[in-house]
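Okay, entry29.cif now, which holds mmCIF, C-alpha atoms and all ligand atoms:
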```
data_input
#
loop_
_atom_site.group_PDB
_atom_site.id
_atom_site.type_symbol
_atom_site.label_atom_id
_atom_site.label_comp_id
_atom_site.auth_asym_id
_atom_site.auth_seq_id
_atom_site.Cartn_x
_atom_site.Cartn_y
_atom_site.Cartn_z
ATOM 1 C CA MET A 1 88.088 73.717 176.807
ATOM 2 C CA ASN A 2 86.598 70.914 178.857
ATOM 3 C CA LEU A 3 85.668 67.547 177.470
ATOM 4 C CA LYS A 4 81.967 68.138 177.645
ATOM 5 C CA LYS A 5 82.305 71.204 175.497
ATOM 6 C CA ILE A 6 84.386 69.312 172.919
ATOM 7 C CA VAL A 7 81.793 66.536 172.753
ATOM 8 C CA MET A 8 79.036 69.111 172.383
ATOM 9 C CA ALA A 9 80.970 70.983 169.724
ATOM 10 C CA SER A 10 81.645 67.898 167.653
ATOM 11 C CA PHE A 11 78.074 66.755 168.111
ATOM 12 C CA THR A 12 76.879 70.083 166.806
ATOM 13 C CA ALA A 13 79.270 69.807 163.869
ATOM 14 C CA VAL A 14 78.052 66.319 163.014
ATOM 15 C CA ALA A 15 74.450 67.413 163.407
ATOM 16 C CA ALA A 16 75.077 70.381 161.136
ATOM 17 C CA MET A 17 76.731 68.149 158.544
ATOM 18 C CA THR A 18 73.863 65.710 158.752
ATOM 19 C CA LEU A 19 71.421 68.556 158.242
ATOM 20 C CA VAL A 20 73.357 69.815 155.260
ATOM 21 C CA ALA A 21 73.509 66.305 153.864
ATOM 22 C CA CYS A 22 69.789 65.797 154.386
ATOM 23 C CA GLY A 23 69.107 69.189 152.893
ATOM 24 C CA SER A 24 71.026 68.522 149.738
ATOM 25 C CA SER A 25 69.667 65.049 149.207
ATOM 26 C CA ALA A 26 66.176 66.412 149.718
ATOM 27 C CA THR A 27 66.630 69.066 147.011
ATOM 28 C CA ASP A 28 68.174 66.494 144.652
ATOM 29 C CA THR A 29 65.049 64.425 144.657
ATOM 30 C CA GLU A 30 62.479 67.137 145.226
ATOM 31 C CA ASP A 31 60.282 67.842 142.200
ATOM 32 C CA THR A 32 60.308 71.608 141.721
ATOM 33 C CA SER A 33 58.847 71.479 138.203
ATOM 34 C CA LEU A 34 55.566 73.021 139.287
ATOM 35 C CA SER A 35 56.662 75.317 142.131
ATOM 36 C CA LYS A 36 59.398 76.804 139.933
ATOM 37 C CA ILE A 37 56.815 77.927 137.372
ATOM 38 C CA GLU A 38 54.387 79.124 140.034
ATOM 39 C CA GLU A 39 57.128 81.185 141.665
ATOM 40 C CA LYS A 40 58.250 82.890 138.476
ATOM 41 C CA GLY A 41 54.610 83.404 137.504
ATOM 42 C CA SER A 42 55.051 82.458 133.872
ATOM 43 C CA LEU A 43 55.021 79.404 131.649
ATOM 44 C CA VAL A 44 57.289 79.659 128.613
ATOM 45 C CA VAL A 45 55.893 77.574 125.763
ATOM 46 C CA ALA A 46 58.108 76.756 122.768
ATOM 47 C CA LEU A 47 56.393 76.398 119.415
ATOM 48 C CA SER A 48 56.751 76.821 115.684
ATOM 49 C CA PRO A 49 53.746 78.824 114.535
ATOM 50 C CA GLU A 50 53.624 77.884 110.886
ATOM 51 C CA PHE A 51 51.386 74.921 111.448
ATOM 52 C CA ALA A 52 47.699 75.682 110.981
ATOM 53 C CA PRO A 53 45.342 74.651 112.519
ATOM 54 C CA PHE A 54 47.534 74.061 115.604
ATOM 55 C CA GLU A 55 49.624 77.234 115.704
ATOM 56 C CA PHE A 56 49.813 79.994 113.183
ATOM 57 C CA LYS A 57 49.764 83.756 112.925
ATOM 58 C CA THR A 58 46.807 85.683 111.664
ATOM 59 C CA LEU A 59 45.468 89.210 111.769
ATOM 60 C CA VAL A 60 43.071 89.758 114.635
ATOM 61 C CA ASP A 61 41.708 93.319 114.720
ATOM 62 C CA GLY A 62 44.535 94.330 112.425
ATOM 63 C CA LYS A 63 47.199 92.863 114.706
ATOM 64 C CA ASP A 64 49.423 89.875 113.959
ATOM 65 C CA THR A 65 48.281 87.332 116.553
ATOM 66 C CA LEU A 66 49.201 83.763 117.478
ATOM 67 C CA VAL A 67 46.165 81.516 117.161
ATOM 68 C CA GLY A 68 45.339 77.818 116.891
ATOM 69 C CA ALA A 69 44.330 74.759 118.880
ATOM 70 C CA ASP A 70 47.725 74.504 120.640
ATOM 71 C CA ILE A 71 47.449 78.165 121.654
ATOM 72 C CA GLU A 72 44.041 77.529 123.266
ATOM 73 C CA LEU A 73 45.459 74.487 125.037
ATOM 74 C CA ALA A 74 48.434 76.476 126.350
ATOM 75 C CA LYS A 75 46.181 79.271 127.624
ATOM 76 C CA ILE A 76 44.020 76.843 129.586
ATOM 77 C CA ILE A 77 47.116 75.247 131.113
ATOM 78 C CA GLY A 78 48.268 78.736 132.093
ATOM 79 C CA GLU A 79 44.922 79.366 133.789
ATOM 80 C CA GLU A 80 45.102 76.044 135.619
ATOM 81 C CA LEU A 81 48.587 76.910 136.914
ATOM 82 C CA GLY A 82 47.591 80.495 137.644
ATOM 83 C CA VAL A 83 50.471 81.921 135.580
ATOM 84 C CA GLU A 84 51.005 84.002 132.440
ATOM 85 C CA VAL A 85 51.743 82.102 129.248
ATOM 86 C CA GLU A 86 54.690 83.360 127.194
ATOM 87 C CA PHE A 87 54.954 81.946 123.690
ATOM 88 C CA SER A 88 58.428 81.515 122.328
ATOM 89 C CA ALA A 89 58.358 81.118 118.542
ATOM 90 C CA MET A 90 61.144 79.349 116.663
ATOM 91 C CA SER A 91 61.745 76.899 113.837
ATOM 92 C CA PHE A 92 60.431 73.408 114.539
ATOM 93 C CA ASP A 93 63.899 71.820 114.658
ATOM 94 C CA ASN A 94 64.679 74.051 117.680
ATOM 95 C CA VAL A 95 61.473 73.499 119.629
ATOM 96 C CA LEU A 96 62.463 70.363 121.542
ATOM 97 C CA THR A 97 66.024 71.577 122.097
ATOM 98 C CA SER A 98 64.726 74.662 123.848
ATOM 99 C CA VAL A 99 62.909 72.489 126.409
ATOM 100 C CA GLN A 100 66.016 70.362 126.824
ATOM 101 C CA ASN A 101 68.263 73.342 127.553
ATOM 102 C CA GLY A 102 65.700 74.991 129.830
ATOM 103 C CA LYS A 103 64.977 78.045 127.674
ATOM 104 C CA ALA A 104 61.340 76.963 127.514
ATOM 105 C CA ASP A 105 59.338 75.234 130.252
ATOM 106 C CA ILE A 106 57.348 73.047 127.869
ATOM 107 C CA ALA A 107 56.714 72.666 124.138
ATOM 108 C CA ILE A 108 53.290 72.551 122.502
ATOM 109 C CA SER A 109 53.807 72.373 118.780
ATOM 110 C CA GLY A 110 51.878 69.491 117.275
ATOM 111 C CA ILE A 111 54.656 67.259 118.598
ATOM 112 C CA SER A 112 54.278 63.557 117.952
ATOM 113 C CA ALA A 113 55.127 61.589 121.085
ATOM 114 C CA THR A 114 57.533 59.088 119.546
ATOM 115 C CA GLU A 115 59.432 56.476 121.558
ATOM 116 C CA GLU A 116 62.722 58.061 120.555
ATOM 117 C CA ARG A 117 61.673 61.483 121.858
ATOM 118 C CA ALA A 118 60.233 59.888 125.006
ATOM 119 C CA LYS A 119 63.770 58.840 125.953
ATOM 120 C CA VAL A 120 64.650 62.509 126.326
ATOM 121 C CA PHE A 121 61.338 64.124 127.355
ATOM 122 C CA ASP A 122 58.268 63.307 129.350
ATOM 123 C CA PHE A 123 55.047 63.592 127.407
ATOM 124 C CA SER A 124 51.593 64.607 128.557
ATOM 125 C CA LEU A 125 48.604 62.458 127.702
ATOM 126 C CA PRO A 126 47.965 62.646 123.957
ATOM 127 C CA TYR A 127 45.552 65.342 122.811
ATOM 128 C CA TYR A 128 45.171 64.691 119.104
ATOM 129 C CA THR A 129 45.810 61.874 116.641
ATOM 130 C CA SER A 130 46.398 62.214 112.950
ATOM 131 C CA THR A 131 47.638 60.365 109.873
ATOM 132 C CA ASN A 132 50.221 61.347 107.278
ATOM 133 C CA LYS A 133 49.158 62.584 103.879
ATOM 134 C CA ILE A 134 50.813 63.735 100.671
ATOM 135 C CA ILE A 135 50.005 66.871 98.742
ATOM 136 C CA ILE A 136 50.827 67.251 95.057
ATOM 137 C CA ASN A 137 50.101 69.685 92.230
ATOM 138 C CA LYS A 138 46.722 69.150 90.579
ATOM 139 C CA ALA A 139 48.645 69.301 87.300
ATOM 140 C CA ASP A 140 50.357 66.014 88.253
ATOM 141 C CA VAL A 141 47.152 64.134 89.023
ATOM 142 C CA ASN A 142 47.659 61.603 86.230
ATOM 143 C CA GLU A 143 51.315 61.055 87.002
ATOM 144 C CA PHE A 144 51.106 60.581 90.766
ATOM 145 C CA THR A 145 48.273 58.221 91.481
ATOM 146 C CA ASP A 146 49.614 56.064 94.313
ATOM 147 C CA LEU A 147 52.701 55.584 96.491
ATOM 148 C CA ASP A 148 54.516 53.515 93.840
ATOM 149 C CA SER A 149 54.223 56.282 91.287
ATOM 150 C CA LEU A 150 56.098 58.547 93.714
ATOM 151 C CA ALA A 151 59.001 56.131 94.235
ATOM 152 C CA THR A 152 61.607 58.389 92.610
ATOM 153 C CA ALA A 153 59.837 61.718 93.184
ATOM 154 C CA SER A 154 61.253 64.690 95.077
ATOM 155 C CA PHE A 155 59.593 65.063 98.473
ATOM 156 C CA GLY A 156 59.573 68.058 100.742
ATOM 157 C CA THR A 157 59.387 67.629 104.515
ATOM 158 C CA GLN A 158 59.873 69.880 107.517
ATOM 159 C CA LYS A 159 63.299 69.686 109.125
ATOM 160 C CA GLY A 160 63.227 67.811 112.427
ATOM 161 C CA SER A 161 59.721 66.417 111.908
ATOM 162 C CA ILE A 162 58.753 62.768 111.905
ATOM 163 C CA GLN A 163 57.544 63.310 108.337
ATOM 164 C CA GLU A 164 61.197 63.807 107.399
ATOM 165 C CA GLN A 165 62.075 60.408 108.895
ATOM 166 C CA ILE A 166 58.998 58.691 107.466
ATOM 167 C CA ALA A 167 59.721 59.958 103.941
ATOM 168 C CA LYS A 168 63.360 58.846 104.182
ATOM 169 C CA GLU A 169 62.362 55.371 105.366
ATOM 170 C CA LYS A 170 59.422 54.871 103.016
ATOM 171 C CA PHE A 171 60.729 56.353 99.785
ATOM 172 C CA THR A 172 64.286 55.082 99.683
ATOM 173 C CA SER A 173 64.784 55.908 95.985
ATOM 174 C CA ALA A 174 63.237 59.362 96.250
ATOM 175 C CA THR A 175 64.930 62.722 96.824
ATOM 176 C CA ILE A 176 64.026 64.120 100.236
ATOM 177 C CA VAL A 177 64.371 67.869 100.686
ATOM 178 C CA SER A 178 64.076 69.080 104.289
ATOM 179 C CA LEU A 179 63.370 72.746 104.950
ATOM 180 C CA THR A 180 62.669 74.623 108.169
ATOM 181 C CA SER A 181 59.687 76.508 106.753
ATOM 182 C CA ASN A 182 56.437 74.787 105.802
ATOM 183 C CA GLY A 183 55.382 77.812 103.746
ATOM 184 C CA GLU A 184 58.577 77.493 101.736
ATOM 185 C CA LEU A 185 57.903 73.774 101.160
ATOM 186 C CA VAL A 186 54.499 74.650 99.747
ATOM 187 C CA ASN A 187 55.985 77.413 97.578
ATOM 188 C CA GLN A 188 58.544 75.007 96.152
ATOM 189 C CA LEU A 189 55.791 72.489 95.474
ATOM 190 C CA LYS A 190 53.698 75.089 93.669
ATOM 191 C CA SER A 191 56.659 76.120 91.528
ATOM 192 C CA GLN A 192 57.320 72.440 90.675
ATOM 193 C CA GLN A 193 60.719 72.332 92.397
ATOM 194 C CA LEU A 194 59.202 69.577 94.534
ATOM 195 C CA ASP A 195 56.785 66.855 93.425
ATOM 196 C CA ALA A 196 55.153 66.222 96.773
ATOM 197 C CA VAL A 197 55.066 67.339 100.402
ATOM 198 C CA VAL A 198 54.288 65.113 103.413
ATOM 199 C CA PHE A 199 52.190 66.663 106.184
ATOM 200 C CA GLU A 200 49.768 65.387 108.763
ATOM 201 C CA GLU A 201 46.208 65.469 107.468
ATOM 202 C CA PRO A 202 44.820 68.677 109.031
ATOM 203 C CA ILE A 203 47.896 70.648 107.953
ATOM 204 C CA ALA A 204 47.750 69.183 104.442
ATOM 205 C CA MET A 205 44.028 69.967 104.233
ATOM 206 C CA ALA A 206 44.551 73.551 105.346
ATOM 207 C CA TYR A 207 47.173 74.152 102.633
ATOM 208 C CA VAL A 208 45.027 72.497 99.966
ATOM 209 C CA ALA A 209 41.984 74.557 100.964
ATOM 210 C CA LYS A 210 44.000 77.732 100.470
ATOM 211 C CA ASN A 211 45.745 76.724 97.259
ATOM 212 C CA ASP A 212 43.564 75.875 94.270
ATOM 213 C CA ASP A 213 46.467 74.368 92.366
ATOM 214 C CA LEU A 214 47.199 71.736 95.048
ATOM 215 C CA MET A 215 45.467 68.509 96.010
ATOM 216 C CA LEU A 216 45.581 65.751 98.582
ATOM 217 C CA LEU A 217 46.588 62.335 97.319
ATOM 218 C CA ASP A 218 43.981 59.820 98.378
ATOM 219 C CA VAL A 219 46.444 57.513 100.162
ATOM 220 C CA GLU A 220 47.649 57.294 103.703
ATOM 221 C CA VAL A 221 51.366 57.096 104.432
ATOM 222 C CA THR A 222 51.448 54.502 107.184
ATOM 223 C CA SER A 223 54.381 54.414 109.569
ATOM 224 C CA SER A 224 55.514 52.876 112.812
ATOM 225 C CA TYR A 225 55.812 56.300 114.452
ATOM 226 C CA SER A 226 53.243 57.346 116.972
ATOM 227 C CA ASP A 227 51.272 60.187 115.534
ATOM 228 C CA ALA A 228 49.616 61.188 118.757
ATOM 229 C CA TYR A 229 50.331 64.810 119.611
ATOM 230 C CA ALA A 230 51.429 65.449 123.174
ATOM 231 C CA ILE A 231 53.081 68.218 125.188
ATOM 232 C CA ALA A 232 56.833 67.811 125.748
ATOM 233 C CA ILE A 233 57.919 68.362 129.353
ATOM 234 C CA PRO A 234 61.423 68.095 130.864
ATOM 235 C CA LYS A 235 62.148 64.618 132.205
ATOM 236 C CA GLY A 236 61.197 64.083 135.820
ATOM 237 C CA SER A 237 58.611 66.888 136.000
ATOM 238 C CA GLU A 238 55.959 64.763 137.701
ATOM 239 C CA ALA A 239 54.097 67.570 139.477
ATOM 240 C CA LEU A 240 53.895 69.695 136.339
ATOM 241 C CA LYS A 241 52.885 66.729 134.184
ATOM 242 C CA GLU A 242 50.091 65.856 136.601
ATOM 243 C CA LYS A 243 48.574 69.350 136.302
ATOM 244 C CA ILE A 244 48.953 69.399 132.526
ATOM 245 C CA ASP A 245 47.394 65.948 132.201
ATOM 246 C CA THR A 246 44.315 67.060 134.158
ATOM 247 C CA VAL A 247 43.750 69.814 131.578
ATOM 248 C CA VAL A 248 44.445 67.565 128.579
ATOM 249 C CA LYS A 249 42.180 64.794 129.868
ATOM 250 C CA ASP A 250 39.344 67.228 130.409
ATOM 251 C CA LEU A 251 39.680 68.895 126.992
ATOM 252 C CA VAL A 252 39.899 65.584 125.150
ATOM 253 C CA GLU A 253 37.040 63.891 127.005
ATOM 254 C CA SER A 254 34.704 66.860 126.664
ATOM 255 C CA GLY A 255 35.383 67.111 122.905
ATOM 256 C CA LYS A 256 36.710 70.645 123.437
ATOM 257 C CA MET A 257 40.100 69.839 121.932
ATOM 258 C CA ASP A 258 38.574 68.658 118.652
ATOM 259 C CA GLN A 259 36.396 71.746 118.689
ATOM 260 C CA PHE A 260 39.500 73.978 119.013
ATOM 261 C CA VAL A 261 41.057 72.189 116.030
ATOM 262 C CA GLN A 262 37.921 72.648 113.917
ATOM 263 C CA GLU A 263 37.524 76.322 114.851
ATOM 264 C CA ALA A 264 41.179 77.050 114.141
ATOM 265 C CA TYR A 265 40.942 75.193 110.846
ATOM 266 C CA ASP A 266 37.953 77.282 109.800
ATOM 267 C CA LEU A 267 39.779 80.448 110.782
ATOM 268 C CA SER A 268 42.950 79.416 108.931
ATOM 269 C CA ILE A 269 41.228 78.866 105.602
ATOM 270 C CA GLN A 270 39.190 82.057 105.823
ATOM 271 C CA GLN A 271 42.070 84.341 104.950
HETATM 272 N N1 LIG B 1 53.972 66.013 114.300
HETATM 273 C C1 LIG B 1 55.205 66.218 113.611
HETATM 274 C C2 LIG B 1 56.369 65.954 114.556
HETATM 275 O O1 LIG B 1 56.225 65.931 115.727
HETATM 276 C C3 LIG B 1 55.324 67.600 113.009
HETATM 277 C C4 LIG B 1 55.168 68.714 113.965
HETATM 278 C C5 LIG B 1 55.496 70.054 113.362
HETATM 279 N N2 LIG B 1 55.040 71.116 114.208
HETATM 280 C C6 LIG B 1 55.124 72.424 113.877
HETATM 281 N N3 LIG B 1 54.613 73.295 114.696
HETATM 282 N N4 LIG B 1 55.711 72.783 112.775
HETATM 283 O O2 LIG B 1 57.464 65.769 114.118
#
```

Once more with this new file: its structure as structure tokens, please.
Amino acid sequence: MNLKKIVMASFTAVAAMTLVACGSSATDTEDTSLSKIEEKGSLVVALSPEFAPFEFKTLVDGKDTLVGADIELAKIIGEELGVEVEFSAMSFDNVLTSVQNGKADIAISGISATEERAKVFDFSLPYYTSTNKIIINKADVNEFTDLDSLATASFGTQKGSIQEQIAKEKFTSATIVSLTSNGELVNQLKSQQLDAVVFEEPIAMAYVAKNDDLMLLDVEVTSSYSDAYAIAIPKGSEALKEKIDTVVKDLVESGKMDQFVQEAYDLSIQQ
């Protein structure tokens, strides 16, 4: 082997190593959040569909169907990305975890974009804002008149929700019962095993509209938590977030999002 060849060979080796190095550093920083979804042709959306008017199941033409404002939002995002939307239903306390471990691409589930959650996930622009309300039995109307009268009451909240944290922080002498199912919370309220349930206003209103024996307490449960709903996206998914935000911005500014909520609310109390 002559010298020239050795120089050439080592040059080629160095060049190859440099290429490999460049290649790997490029993929480390490259944002594949959008292209990954486009390539597989589907967007897996995690949600907990026991949350009318945002996501719930109802009979459409005799078939159990997922409906609600979040469902409409997800479908429009799917159209914008040019992919199929696959809904992955689970209990609410698993929704964010499934985005974290990559089983779902995003989560749309009436998720409040709190600072604590924002440490782990990116959030889209907010698409809906609500307040927290308490529902009680009409039979207890004289007993539970304000927040003070509920100081030692038993409260039901959904496991993993901010309402669970709010109730624990606000009613320190109360009993807080956390369940995965909202329907079960309402059943336990109706059978007097619970005194009160904390939900965001549209959810509380939907349950009250369907249950004659329940009522909304005319007080707001204020808290330091952000109650703006946003879509949870894996951290660092800039390209995907940009696309999603375009859709959210458009639906919020045009009033379409509020319209979806109203339509879904009307549908939810019909049956
Ligand atoms: N907004 C509340 C939260 O983020 C409750 C959301 C519950 N969503 C549901 N689909 N059950 O904690």

Need the axis-aligned box for ligand LIG 1 (chain B) with 8 Å each side, so what are the centre and edges in Å to one decimal, as JSON?
```
{"center_x": 55.7, "center_y": 69.5, "center_z": 114.3, "size_x": 19.5, "size_y": 23.5, "size_z": 19.0}
```

Q | Residues matched by the PyMOL selection byres (((not hetatm)) within 6 of (chain B and resi 1)) as a PyMOL selection string | A | chain A and resi 47-51+92+109-112+161-162

Output of the PyMOL selection byres (((chain A and resi 134-150) around 7) and not hetatm), listed as a compact mmCIF listing (two decimals) with C-alpha atoms, in the frame of the given file:
```txt
# COMPACT_ATOMS: atom_id res chain seq x y z
CA LYS A 133 49.16 62.58 103.88
CA ALA A 151 59.00 56.13 94.24
CA THR A 152 61.61 58.39 92.61
CA ALA A 153 59.84 61.72 93.18
CA LYS A 190 53.70 75.09 93.67
CA ASP A 195 56.78 66.86 93.42
CA ALA A 196 55.15 66.22 96.77
CA VAL A 197 55.07 67.34 100.40
CA VAL A 198 54.29 65.11 103.41
CA PHE A 199 52.19 66.66 106.18
CA ALA A 204 47.75 69.18 104.44
CA ASP A 213 46.47 74.37 92.37
CA LEU A 214 47.20 71.74 95.05
CA MET A 215 45.47 68.51 96.01
CA LEU A 216 45.58 65.75 98.58
CA LEU A 217 46.59 62.34 97.32
CA VAL A 219 46.44 57.51 100.16
```

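Non-sequential neighbours of segment 223-225 of chain A (distance at most 7 Å, separation of 2 or more positions within a chain, all atoms listed in the file) are A:Thr114, A:Ile166, A:Val221, A:Asp227.
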
Q | Between atom CA of Leu240 of chain A and atom CA of Glu30 of chain A - distance in Å to one decimal | A | 12.6 Å

(Q) Evaluated on this file, the PyMOL selection byres (((chain A and resi 167-179) around 8) and not hetatm) picks out some residues - which ones are they, written as a list in words? (A)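 What the PyMOL selection byres (((chain A and resi 167-179) around 8) and not hetatm) grabs from the file is Leu150, Ala151, Thr152, Ala153, Ser154, Phe155, Gly156, Thr157, Gln158, Lys159, Gln163, Glu164, Gln165, Ile166, Thr180, Ser181, Asn182, Glu184, Leu185 and Val198 of chain A.
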
Q | Between atom CA of Val252 of chain A and atom CA of Gly236 of chain A - distance in Å to one decimal | A | 23.9 Å

Q | atom CA of Phe123 of chain A to atom CA of Asp245 of chain A, distance in Å rounded to a single decimal | A | 9.3 Å

Residue neighbourhood Ala74 of chain A, 9 Å, all atoms listed in the file, exclusion window fewer than 6 positions, as a compact mmCIF listing (two decimals) with C-alpha atoms, in the frame of the given file:
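Output below, filename result_33.txt:
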```txt
# COMPACT_ATOMS: atom_id res chain seq x y z
CA LEU A 43 55.02 79.40 131.65
CA VAL A 45 55.89 77.57 125.76
CA VAL A 85 51.74 82.10 129.25
CA PHE A 87 54.95 81.95 123.69
CA ILE A 108 53.29 72.55 122.50
```

Q) Looking at A:Gly82, A:Glu201, A:Ala107, A:Val95, which one is nearest to Ser35 of chain A, with distances taken over only C-alpha atoms? A) A:Gly82

Q. Which one of A:Ser226, A:Gln259, A:Ser268, A:Asn94 sits closest to Glu115 of chain A if you count all atoms listed in the file?
A.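 Among A:Ser226, A:Gln259, A:Ser268, A:Asn94, it is A:Ser226 that comes nearest to Glu115 of chain A.
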
Q: Can you pull out every residue within 9 Å of segment 118-122 of chain A, counting only C-alpha atoms, but drop anything in the same chain fewer than 4 positions away, and send it as a VMD selection string?
A: chain A and resid 96 99 to 100 113 to 114 231 to 238 241

Q) Residues at most 7 Å from Ser42 of chain A, counting all atoms listed in the file, excluding those fewer than 3 positions away in the same chain, as an NGL selection string? A) :A and (37 or 83-86)

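Candidate residues A:Val60, A:Asn187, A:Ala69, A:Leu81 were compared for distance to Glu242 of chain A, and the nearest is A:Leu81, using only C-alpha atoms.
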